[in-house]
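Novice: Here you go, protein-v7.cif (mmCIF, C-alpha atoms and all ligand atoms):
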data_protein
loop_
_atom_site.label_atom_id
_atom_site.label_comp_id
_atom_site.auth_asym_id
_atom_site.auth_seq_id
_atom_site.Cartn_x
_atom_site.Cartn_y
_atom_site.Cartn_z
CA MET A 68 82.44 -20.13 -23.98
CA SER A 69 81.55 -22.51 -21.26
CA SER A 70 78.72 -24.84 -21.76
CA PHE A 71 78.02 -24.18 -18.11
CA ASN A 72 77.79 -27.72 -16.97
CA GLN A 73 76.70 -27.97 -13.46
CA ILE A 74 79.01 -30.55 -12.20
CA PHE A 75 80.11 -30.10 -8.72
CA ILE A 76 82.48 -32.04 -6.66
CA GLY A 77 82.85 -31.89 -2.95
CA LEU A 78 85.18 -30.03 -0.72
CA CYS A 79 84.83 -28.23 2.46
CA LEU A 80 86.51 -25.02 1.83
CA ILE A 81 88.54 -24.75 4.60
CA VAL A 82 88.87 -21.42 6.04
CA ILE A 83 91.65 -21.64 8.39
CA SER A 84 93.02 -19.28 10.80
CA LEU A 85 96.70 -18.96 11.01
CA SER A 86 97.98 -15.49 10.94
CA LEU A 87 101.02 -16.07 8.81
CA PHE A 88 99.75 -14.15 5.86
CA GLN A 89 98.09 -11.13 7.34
CA ASP A 90 97.42 -8.71 4.58
CA LYS A 91 97.95 -5.11 5.30
CA ASN A 92 96.26 -3.82 2.20
CA ASP A 93 92.57 -3.13 2.41
CA PRO A 94 90.69 -2.96 -0.83
CA LYS A 95 91.39 0.36 -2.40
CA THR A 96 89.11 2.59 -4.33
CA ILE A 97 90.35 2.34 -7.85
CA LYS A 98 89.33 4.73 -10.57
CA PRO A 99 89.10 2.89 -13.83
CA THR A 100 90.61 4.40 -16.87
CA VAL A 101 88.07 5.37 -19.46
CA PRO A 102 89.80 6.31 -22.71
CA LYS A 103 90.40 10.03 -22.75
CA GLU A 104 89.08 10.67 -26.24
CA CYS A 105 85.76 9.11 -25.31
CA VAL A 106 85.30 11.43 -22.36
CA GLU A 107 86.15 14.34 -24.65
CA CYS A 108 83.82 13.29 -27.42
CA ILE A 109 80.86 13.02 -25.06
CA ALA A 110 81.71 16.45 -23.67
CA GLN A 111 81.89 17.92 -27.14
CA ILE A 112 78.59 16.47 -28.22
CA GLU A 113 77.02 17.70 -25.01
CA ALA A 114 78.31 21.17 -25.90
CA VAL A 115 76.71 20.83 -29.31
CA VAL A 116 73.42 19.88 -27.73
CA ALA A 117 73.77 22.85 -25.41
CA GLY A 118 73.80 25.18 -28.41
CA GLU A 119 77.22 25.40 -29.96
CA PRO A 120 77.26 25.38 -33.77
CA ILE A 121 76.81 21.93 -35.13
CA ARG A 122 79.43 20.63 -37.49
CA PHE A 123 78.29 17.57 -39.29
CA ASN A 124 81.71 16.11 -40.00
CA LEU A 125 82.92 16.70 -36.47
CA LEU A 126 79.86 14.96 -35.18
CA LYS A 127 80.47 12.02 -37.47
CA SER A 128 84.01 11.63 -36.19
CA LEU A 129 82.91 11.96 -32.56
CA ILE A 130 80.33 9.23 -32.96
CA SER A 131 83.02 6.87 -34.16
CA LYS A 132 84.91 7.32 -30.89
CA SER A 133 81.94 6.98 -28.62
CA TYR A 134 82.44 4.85 -25.58
CA ASP A 135 79.26 5.11 -23.55
CA GLU A 136 76.87 3.81 -26.15
CA ASP A 137 73.64 4.58 -24.37
CA LYS A 138 74.68 8.12 -23.68
CA ILE A 139 75.91 8.73 -27.20
CA GLU A 140 72.68 7.32 -28.61
CA ARG A 141 70.58 9.64 -26.47
CA LEU A 142 72.72 12.58 -27.53
CA ILE A 143 72.63 11.72 -31.21
CA LEU A 144 68.88 11.15 -31.15
CA SER A 145 68.34 14.50 -29.49
CA LEU A 146 70.65 16.13 -32.04
CA ILE A 147 68.91 14.75 -35.08
CA ASN A 148 65.68 16.33 -33.98
CA MET A 149 67.33 19.71 -34.34
CA PRO A 150 66.60 21.68 -37.51
CA GLU A 151 70.28 22.12 -38.44
CA PHE A 152 70.35 18.76 -40.16
CA ASN A 153 68.51 17.86 -43.32
CA HIS A 154 66.77 14.55 -43.82
CA LYS A 155 69.71 12.98 -45.62
CA GLN A 156 72.25 14.02 -42.97
CA LYS A 157 70.07 12.65 -40.22
CA GLY A 158 69.91 9.36 -42.08
CA VAL A 159 73.71 9.33 -42.32
CA LEU A 160 74.09 9.86 -38.57
CA ILE A 161 71.63 7.13 -37.67
CA SER A 162 73.20 4.78 -40.15
CA GLN A 163 76.66 5.57 -38.81
CA LEU A 164 75.62 4.88 -35.26
CA ALA A 165 74.13 1.57 -36.42
CA ASP A 166 77.40 0.75 -38.19
CA ILE A 167 79.28 1.34 -34.95
CA TYR A 168 76.96 -1.01 -33.09
CA LYS A 169 77.40 -3.55 -35.85
CA SER A 170 81.20 -3.23 -35.80
CA ARG A 171 81.07 -3.96 -32.07
CA TYR A 172 78.80 -6.97 -32.79
CA HIS A 173 75.95 -5.24 -31.02
CA PHE A 174 73.62 -6.49 -33.71
CA TYR A 175 70.39 -6.20 -31.79
CA LYS A 176 71.06 -2.59 -30.88
CA ALA A 177 71.85 -1.80 -34.51
CA MET A 178 68.62 -3.41 -35.69
CA THR A 179 66.51 -1.73 -33.04
CA LEU A 180 67.92 1.67 -33.94
CA LEU A 181 67.44 1.24 -37.68
CA SER A 182 63.95 -0.21 -37.27
CA LYS A 183 62.89 2.85 -35.32
CA TYR A 184 63.61 5.03 -38.36
CA GLU A 185 62.78 2.53 -41.09
CA SER A 186 59.51 4.20 -42.06
CA SER A 187 61.36 7.48 -42.84
CA TYR A 188 64.35 5.72 -44.37
CA PRO A 189 63.15 2.69 -46.40
CA GLU A 190 66.77 2.10 -47.47
CA PHE A 191 67.45 0.83 -43.92
CA SER A 192 65.37 -2.32 -44.62
CA SER A 193 68.06 -4.23 -46.48
CA LYS A 194 70.61 -3.26 -43.84
CA ILE A 195 68.34 -4.55 -41.07
CA LYS A 196 67.91 -7.81 -42.96
CA GLY A 197 71.66 -8.30 -43.28
CA ILE A 198 72.29 -7.59 -39.60
CA ASN A 199 69.42 -9.85 -38.58
CA SER A 200 70.91 -12.83 -40.37
CA GLN A 201 74.15 -12.33 -38.40
CA PHE A 202 72.15 -11.98 -35.20
CA GLU A 203 70.21 -15.17 -35.88
CA SER A 204 73.38 -17.10 -36.66
CA TRP A 205 74.44 -16.54 -33.04
CA GLN A 206 71.42 -18.26 -31.53
CA SER A 207 72.42 -21.88 -32.01
CA GLU A 208 72.49 -22.72 -28.29
CA ARG A 209 69.57 -20.68 -27.13
CA ASN A 210 67.19 -23.52 -26.38
CA THR A 211 68.90 -25.58 -23.84
CA ASN A 212 68.34 -23.85 -20.56
CA LEU A 213 65.06 -22.22 -19.73
CA GLY A 214 65.78 -20.69 -16.35
CA TYR A 215 68.32 -18.33 -14.86
CA ARG A 216 70.00 -20.38 -12.17
CA SER A 217 71.48 -17.80 -9.88
CA GLY A 218 74.55 -18.72 -7.90
CA ARG A 219 74.55 -15.41 -6.05
CA GLY A 220 76.89 -15.71 -3.09
CA ASN A 221 77.05 -19.50 -3.44
CA GLY A 222 80.07 -21.70 -3.45
CA THR A 223 83.67 -21.16 -2.60
CA THR A 224 83.82 -17.92 -4.56
CA GLY A 225 81.25 -15.48 -3.18
CA HIS A 226 80.59 -11.89 -4.20
CA MET A 227 82.89 -9.98 -6.49
CA LYS A 228 83.66 -7.36 -3.91
CA GLY A 229 86.48 -6.24 -1.71
CA LYS A 230 89.84 -7.65 -2.56
CA VAL A 231 89.63 -10.49 -5.04
CA ASN A 232 92.62 -12.71 -5.67
CA VAL A 233 92.56 -14.78 -8.82
CA VAL A 234 94.97 -17.69 -8.71
CA TYR A 235 95.66 -17.99 -12.41
CA VAL A 236 97.57 -21.11 -13.34
CA HIS A 237 98.88 -21.84 -16.82
CA ILE A 238 98.85 -25.61 -17.11
CA SER A 239 100.84 -27.47 -19.72
CA ASP A 240 99.60 -30.87 -20.75
CA ARG A 241 102.39 -32.57 -22.67
CA LYS A 242 99.86 -34.78 -24.39
CA SER A 243 98.28 -31.79 -26.04
CA LYS A 244 99.21 -31.04 -29.62
CA ASN A 245 99.30 -27.36 -28.79
CA LYS A 246 102.42 -25.58 -27.64
CA LEU A 247 103.36 -25.83 -23.99
CA TRP A 248 103.21 -22.61 -22.04
CA ASN A 249 106.41 -20.63 -22.38
CA THR A 250 107.46 -17.18 -21.25
CA GLN A 251 106.36 -15.57 -24.48
CA LEU A 252 102.89 -17.11 -24.41
CA ILE A 253 102.42 -16.33 -20.73
CA ASN A 254 103.44 -12.73 -21.33
CA ARG A 255 100.94 -12.53 -24.11
CA ASN A 256 98.27 -13.83 -21.80
CA LYS A 257 99.25 -11.31 -19.14
CA GLY A 258 98.08 -8.68 -21.61
CA ASN A 259 94.68 -10.40 -21.71
CA LEU A 260 94.51 -10.47 -17.93
CA SER A 261 95.36 -6.82 -17.72
CA SER A 262 92.47 -6.04 -20.13
CA VAL A 263 90.14 -8.15 -18.00
CA LYS A 264 91.19 -6.34 -14.85
CA ASP A 265 90.74 -2.89 -16.40
CA TRP A 266 87.37 -3.84 -17.79
CA LEU A 267 86.08 -5.28 -14.51
CA LEU A 268 87.18 -2.19 -12.58
CA GLN A 269 85.55 0.05 -15.13
CA GLN A 270 82.31 -1.96 -15.01
CA ALA A 271 82.34 -1.92 -11.19
CA HIS A 272 82.71 1.83 -11.32
CA LEU A 273 79.52 2.05 -13.41
CA TYR A 274 77.71 0.32 -10.53
CA ASN A 275 79.35 2.53 -7.92
CA VAL A 276 81.19 -0.41 -6.42
CA SER A 277 84.08 1.37 -4.85
CA ASN A 278 85.71 -1.20 -2.61
CA PHE A 279 86.62 -3.66 -5.32
CA ASP A 280 90.03 -4.64 -6.52
CA ILE A 281 91.10 -7.72 -8.42
CA ASN A 282 94.58 -9.12 -8.83
CA PHE A 283 95.84 -12.03 -10.85
CA HIS A 284 98.47 -14.23 -9.24
CA ILE A 285 100.14 -15.93 -12.14
CA HIS A 286 101.67 -19.38 -12.05
CA ALA A 287 102.72 -22.03 -14.52
CA VAL A 288 102.82 -25.78 -13.96
CA ALA A 289 103.07 -28.91 -16.07
CA LEU A 290 100.80 -31.85 -15.46
CA HIS A 291 102.58 -34.76 -13.84
CA LYS A 292 102.90 -38.06 -15.59
CA GLY A 293 99.68 -40.00 -15.38
CA ILE A 294 97.53 -36.92 -14.84
CA THR A 295 95.67 -35.72 -17.88
CA SER A 296 93.53 -32.75 -18.77
CA LYS A 297 90.51 -35.01 -18.48
CA TRP A 298 91.06 -35.18 -14.71
CA PHE A 299 89.72 -31.69 -14.38
CA ARG A 300 86.30 -32.99 -15.37
CA THR A 301 86.32 -35.71 -12.75
CA GLN A 302 86.60 -36.16 -9.03
CA GLY A 303 90.23 -36.97 -9.66
CA PHE A 304 90.69 -33.25 -9.67
CA GLU A 305 90.03 -33.07 -5.96
CA PHE A 306 92.90 -35.44 -5.31
CA TYR A 307 95.12 -33.56 -7.72
CA PHE A 308 94.26 -30.21 -6.21
CA LYS A 309 94.82 -31.29 -2.63
CA SER A 310 97.87 -33.46 -3.12
CA VAL A 311 99.88 -32.14 -6.01
CA PHE A 312 98.74 -28.85 -7.33
CA ALA A 313 99.46 -26.64 -4.32
CA LYS A 314 102.99 -27.99 -4.06
CA ASP A 315 103.53 -27.34 -7.74
CA ILE A 316 102.83 -23.68 -7.28
CA GLY A 317 104.99 -23.37 -4.20
CA PHE A 318 102.83 -24.12 -1.16
CA GLU A 319 103.06 -26.90 1.37
CA ASN A 320 99.50 -27.95 0.78
CA SER A 321 96.16 -26.70 -0.51
CA GLN A 322 95.08 -25.39 2.88
CA GLN A 323 98.12 -23.21 3.16
CA MET A 324 97.55 -21.96 -0.39
CA LEU A 325 93.90 -21.08 0.28
CA LYS A 326 94.78 -19.42 3.55
CA HIS A 327 97.38 -17.33 1.84
CA TYR A 328 95.27 -16.12 -1.05
CA SER A 329 92.16 -15.57 1.04
CA ASN A 330 94.17 -13.81 3.73
CA ASN A 331 92.55 -16.03 6.33
CA GLY A 332 89.13 -15.75 4.79
CA ARG A 333 89.09 -11.98 4.35
CA ASN A 334 89.47 -11.95 0.58
CA GLU A 335 87.66 -13.73 -2.18
CA VAL A 336 89.72 -16.28 -4.06
CA ALA A 337 88.95 -17.49 -7.55
CA PHE A 338 90.82 -20.28 -9.29
CA VAL A 339 91.31 -20.07 -13.02
CA PHE A 340 93.30 -22.65 -14.95
CA HIS A 341 94.45 -22.06 -18.46
CA LEU A 342 95.22 -25.21 -20.35
CA ASN A 343 97.21 -25.60 -23.57
CA TYR A 344 94.47 -27.84 -24.86
CA SER A 345 91.87 -27.32 -27.53
CA GLU A 346 88.50 -27.66 -25.95
CA ARG A 347 85.73 -25.39 -24.97
CA SER A 348 86.30 -23.29 -21.87
CA TRP A 349 84.08 -24.08 -18.95
CA ALA A 350 83.54 -23.48 -15.25
CA TYR A 351 82.52 -25.57 -12.30
CA ARG A 352 80.28 -23.23 -10.48
CA CYS A 353 77.63 -23.40 -7.84
CA GLY A 354 74.26 -22.64 -9.29
CA ALA A 355 70.95 -22.54 -7.52
CA GLU A 356 71.38 -26.08 -6.22
CA THR A 357 73.95 -25.60 -3.53
CA GLY A 358 73.61 -29.23 -2.48
CA TYR A 359 75.94 -30.22 -5.29
CA CYS A 360 78.35 -27.59 -4.46
CA ASN A 361 80.87 -28.68 -1.93
CA PHE A 362 84.14 -28.63 -3.73
CA LEU A 363 86.09 -25.83 -5.26
CA GLU A 364 84.66 -23.57 -7.92
CA PHE A 365 87.13 -23.11 -10.73
CA ALA A 366 87.23 -22.09 -14.35
CA MET A 367 89.11 -23.78 -17.14
CA ILE A 368 90.22 -21.63 -20.05
CA THR A 369 91.31 -23.41 -23.20
CA GLU A 370 91.51 -20.52 -25.67
CA LYS A 371 94.88 -19.65 -27.10
CA PRO A 372 96.26 -16.42 -25.65
CA GLU A 373 96.40 -14.81 -29.08
CA ASP A 374 92.77 -15.57 -29.96
CA LYS A 375 90.52 -12.60 -30.42
CA TYR A 376 87.90 -13.65 -27.89
CA THR A 377 90.24 -14.84 -25.14
CA PRO A 378 89.82 -11.76 -22.87
CA GLN A 379 86.04 -12.09 -23.14
CA VAL A 380 86.15 -15.79 -22.40
CA ILE A 381 88.32 -15.18 -19.33
CA ALA A 382 85.96 -12.46 -18.09
CA HIS A 383 82.92 -14.65 -18.78
CA GLU A 384 84.31 -17.65 -16.91
CA ILE A 385 85.39 -15.55 -13.94
CA LEU A 386 81.87 -14.13 -13.70
CA HIS A 387 80.58 -17.72 -13.55
CA LEU A 388 82.68 -18.30 -10.45
CA PHE A 389 81.00 -15.35 -8.77
CA GLY A 390 77.56 -16.82 -9.38
CA SER A 391 76.62 -15.70 -12.85
CA PRO A 392 74.81 -18.15 -15.12
CA ASP A 393 74.94 -18.09 -18.89
CA LEU A 394 72.42 -15.84 -20.54
CA TYR A 395 73.18 -17.16 -24.01
CA LEU A 396 71.35 -20.41 -23.31
CA ILE A 397 68.13 -18.78 -22.20
CA PRO A 398 65.53 -18.36 -24.95
CA TYR A 399 63.89 -15.38 -23.22
CA ALA A 400 67.22 -13.57 -23.05
CA LYS A 401 67.60 -13.41 -26.82
CA HIS A 402 66.58 -9.75 -26.91
CA PHE A 403 67.68 -8.94 -23.39
CA ALA A 404 71.02 -7.62 -22.11
CA THR A 405 72.39 -8.09 -25.61
CA THR A 406 75.79 -6.59 -24.85
CA ASP A 407 76.27 -8.56 -21.62
CA VAL A 408 79.38 -10.75 -21.74
CA MET A 409 77.28 -13.65 -20.39
CA ASN A 410 74.99 -13.38 -23.40
CA TYR A 411 76.84 -12.32 -26.56
CA TYR A 412 80.35 -11.73 -27.75
CA SER A 413 81.32 -8.22 -28.64
CA SER A 414 84.11 -7.50 -31.11
CA ASP A 415 86.33 -6.59 -28.16
CA LEU A 416 86.01 -6.96 -24.39
CA LYS A 417 85.96 -3.18 -23.98
CA TRP A 418 82.58 -3.08 -25.78
CA SER A 419 81.09 -5.79 -23.58
CA ALA A 420 78.91 -4.91 -20.64
CA ILE A 421 77.81 -6.27 -17.31
CA SER A 422 74.05 -5.84 -17.32
CA PRO A 423 72.07 -5.16 -14.14
CA VAL A 424 71.08 -8.80 -13.66
CA THR A 425 74.72 -9.94 -13.90
CA ALA A 426 75.75 -7.09 -11.58
CA TRP A 427 73.13 -8.29 -9.11
CA VAL A 428 74.15 -11.92 -9.27
CA ILE A 429 77.83 -11.17 -8.62
CA GLY A 430 76.91 -8.97 -5.66
CA TRP A 431 77.40 -5.52 -7.16
CA SER A 432 73.83 -4.44 -6.53
CA GLU A 433 70.80 -5.44 -4.50
CA GLU A 434 68.34 -5.18 -7.40
CA HIS A 435 68.37 -7.29 -10.54
CA GLY A 436 65.89 -5.11 -12.36
CA LYS A 437 63.22 -6.41 -14.66
CA VAL A 438 64.11 -9.68 -16.35
CA PRO A 439 62.21 -11.63 -19.02
CA PHE A 440 62.83 -15.02 -17.39
CA LYS A 441 62.43 -16.77 -14.08
CA ILE A 442 65.28 -16.48 -11.62
CA ILE A 443 65.93 -19.75 -9.81
CA ARG A 444 67.68 -19.17 -6.52
ZN ZN B 501 79.37 -19.66 -19.74
#
Just give me the structure of the file as structure tokens.

Specialist:
Amino acid sequence: MSSFNQIFIGLCLIVISLSLFQDKNDPKTIKPTVPKECVECIAQIEAVVAGEPIRFNLLKSLISKSYDEDKIERLILSLINMPEFNHKQKGVLISQLADIYKSRYHFYKAMTLLSKYESSYPEFSSKIKGINSQFESWQSERNTNLGYRSGRGNGTTGHMKGKVNVVYVHISDRKSKNKLWNTQLINRNKGNLSSVKDWLLQQAHLYNVSNFDINFHIHAVALHKGITSKWFRTQGFEFYFKSVFAKDIGFENSQQMLKHYSNNGRNEVAFVFHLNYSERSWAYRCGAETGYCNFLEFAMITEKPEDKYTPQVIAHEILHLFGSPDLYLIPYAKHFATTDVMNYYSSDLKWSAISPVTAWVIGWSEEHGKVPFKIIR
């Protein structure tokens, strides 16, 4: 994921007012699709809690499909206090729930759960130890950034609300040893973008954000001779963006492109570039120090479309553009928001969360809740 360098170049973003591209579509209320079986399994467990006969094997299979982890944990913990289960069966259920957390890479949740019952189940100790070593192996960068540098509402990409247009450009650098973007690879990446969209809508729904929609506008360009991937890290990018890039994706100039995608300033626009280049993904984003932040916020994805973590990396970098800092660098966030996509990877994007502080920073709520670190605004 991005090393979250705060490098900002200068542009006046340019909100212009021609009415060529009036958009007739207001943001719609979109109901996210939660997998059907997960809704059903919660309902069934709720029925069990309400007094229907408890079937141990059914319960085991329902746990494995659980989607809302916090809810399922509350339900399971209330169930295991019921007399229908013996000590051993209760241990199996707790252990199974911990295994599910572990399989989703929610290591801290698994450890916390097992530790709670360790005195009754001493056999959990070795399991906790194993999970803890995995958890610790993910902390290598957690000492570099002490504060939470909020970029809430800052920069060219503001709040993640209303209609959001992501200009998503696949960029081929011929100098790269990796394959150039072709139709097959772009199609594969479209699948990633569709997962990101579904996930963001579903997360927004959890925060009762109803007027949010996000669409990816997909392009592909090749870098011109003399322009290299390295330009994106330098002020040369500003020249490239203003002079070449907009034309490459079919606009007269960058102003016309921005006007189009922002619908004359009504919609949020986020720029995401996806390079066929092996590097670490990153984002230029406006943090707390808006003085540095005059040019365009954009994210650079360098993961291959087929890589396991690519959807999470895309989601993570997009959240940067809307003001979110990395949590994974902050020492005090080690045990905080441990499923947040800004803090830890999950085994799949669908198991990642947007925690209240991230929801606050991207404009989905007015409260960030209690946090174990200082927020720098
Ligand atoms: Zn990051």

Novice: Pick out the closest residue to ligand ZN 501 (chain B) from this set: A:Leu247, A:Val233, A:Ala366, A:Ile421. Count all atoms listed in the file.

Specialist: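 When distances to ligand ZN 501 (chain B) are compared using all atoms listed in the file, the smallest one comes from A:Ala366.
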
Novice: Suppose you want the space between atom CA of Ser345 of chain A and atom CA of Leu252 of chain A; what is it in Å?

Specialist: 15.3 Å

Novice: Please provide as a list in words all residues within 7 Å of segment 309-322 of chain A, with the sequence filter that same-chain residues fewer than 3 positions apart are discarded (counting all atoms listed in the file).

Specialist: Ile81, His286, Val288, Glu305, Phe306, Leu325 and Lys326 of chain A

Novice: For the atom pair atom CA of Tyr172 of chain A and atom CA of Phe389 of chain A, what is the interatomic distance in Å to one decimal place?

Specialist: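 Here the two named atoms are 25.5 Å from each other.
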
Novice: One number please: atom CA of Leu394 of chain A to atom CA of Phe279 of chain A, in Å, one decimal.

Specialist: 24.1 Å

Novice: Got a sec: who's within 10 Å of Leu388 of chain A, counting all atoms listed in the file, leaving out chain neighbours fewer than 3 positions off, as a list in words?

Specialist: Gly218, Arg219, Gly220, Asn221, Gly222, Thr223, Thr224, Gly225, His226, Met227, Val336, Ala337, Phe338, Val339, Ala350, Tyr351, Arg352, Cys353, Gly354, Leu363, Glu364, Phe365, Ala366, His383, Glu384, Ile385, Ser391, Pro392 and Ile429 of chain A

Novice: Return the single residue from A:Val276, A:Leu160, A:Leu386, A:Ala426 that is closest to ligand ZN 501 (chain B), with distances computed using all atoms listed in the file.

Specialist: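 Selected residue with least distance to ligand ZN 501 (chain B): A:Leu386.
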
Novice: Edge lengths and centre in Å to one decimal, as JSON, of the axis-aligned box that encloses all listed atoms of segment 253-257 of chain A with 4 Å added on every side?

Specialist:
{"center_x": 100.9, "center_y": -13.8, "center_z": -21.6, "size_x": 13.2, "size_y": 13.0, "size_z": 13.0}

Novice: Check the smallest atom-to-atom distance from each of A:Ser329, A:Lys155, A:His387, A:Asn334 to Ser348 of chain A using only C-alpha atoms, then report the winner.

Specialist: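 Distance minimum relative to Ser348 of chain A lands on A:His387.
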
Novice: Pick the closest to Tyr412 of chain A from A:His284, A:Lys138, A:Lys127, A:Arg171: which is it, counting all atoms listed in the file?

Specialist: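 When distances to Tyr412 of chain A are compared using all atoms listed in the file, the smallest one comes from A:Arg171.
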
Novice: Counting only C-alpha atoms and all ligand atoms, figure out which residue out of A:Ser200, A:Ser207, A:Ser413, A:Gln379 gets nearest to ligand ZN 501 (chain B).

Specialist: A:Gln379

Novice: Give the answer as one residue: which of A:Gln302, A:Asn212, A:Asn148, A:Ser187 has the shortest atom-to-atom distance to ligand ZN 501 (chain B), using only C-alpha atoms and all ligand atoms?

Specialist: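 Smallest separation from ligand ZN 501 (chain B) among the options: A:Asn212.
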
Novice: Quick one: everything within 9 Å of Lys242 of chain A, counting all atoms listed in the file, minus sequence neighbours fewer than 2 positions away in the same chain. Send it as a list in words.

Specialist: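 Using all atoms listed in the file, the neighbours found are Ser239, Asp240, Lys244, Asn245, Thr295, Ser296 and Tyr344 of chain A.
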
Novice: Around the point (70.1, -9.0, -10.4) (coordinates from the file), which residues reach within 10 Å if we count all atoms listed in the file? Answer as a list in words.

Specialist: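 Residues with an atom at most 10 Å from (70.1, -9.0, -10.4): Ser217, Arg219, Ser391, Ser422, Pro423, Val424, Thr425, Ala426, Trp427, Val428, Ile429, Gly430, Trp431, Ser432, Glu433, Glu434, His435, Gly436, Lys437, Val438 and Ile442 of chain A.
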
Novice: Would you save the residues from that selection as an mmCIF file, keeping the file's coordinate frame, using C-alpha atoms?

Specialist:
data_model
loop_
_atom_site.group_PDB
_atom_site.id
_atom_site.type_symbol
_atom_site.label_atom_id
_atom_site.label_comp_id
_atom_site.auth_asym_id
_atom_site.auth_seq_id
_atom_site.Cartn_x
_atom_site.Cartn_y
_atom_site.Cartn_z
ATOM 1 C CA SER A 217 71.480 -17.800 -9.880
ATOM 2 C CA ARG A 219 74.550 -15.410 -6.050
ATOM 3 C CA SER A 391 76.620 -15.700 -12.850
ATOM 4 C CA SER A 422 74.050 -5.840 -17.320
ATOM 5 C CA PRO A 423 72.070 -5.160 -14.140
ATOM 6 C CA VAL A 424 71.080 -8.800 -13.660
ATOM 7 C CA THR A 425 74.720 -9.940 -13.900
ATOM 8 C CA ALA A 426 75.750 -7.090 -11.580
ATOM 9 C CA TRP A 427 73.130 -8.290 -9.110
ATOM 10 C CA VAL A 428 74.150 -11.920 -9.270
ATOM 11 C CA ILE A 429 77.830 -11.170 -8.620
ATOM 12 C CA GLY A 430 76.910 -8.970 -5.660
ATOM 13 C CA TRP A 431 77.400 -5.520 -7.160
ATOM 14 C CA SER A 432 73.830 -4.440 -6.530
ATOM 15 C CA GLU A 433 70.800 -5.440 -4.500
ATOM 16 C CA GLU A 434 68.340 -5.180 -7.400
ATOM 17 C CA HIS A 435 68.370 -7.290 -10.540
ATOM 18 C CA GLY A 436 65.890 -5.110 -12.360
ATOM 19 C CA LYS A 437 63.220 -6.410 -14.660
ATOM 20 C CA VAL A 438 64.110 -9.680 -16.350
ATOM 21 C CA ILE A 442 65.280 -16.480 -11.620
#

Novice: Would you pick out the contacts of Leu342 of chain A at 7 Å or less, using all atoms listed in the file, so that residues sharing its chain but fewer than 2 positions from it are not included, and give the list as a list in words?

Specialist: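 The filter keeps His237, Ile238, Ser239, Phe340, Tyr344, Ile368 and Thr369 of chain A.
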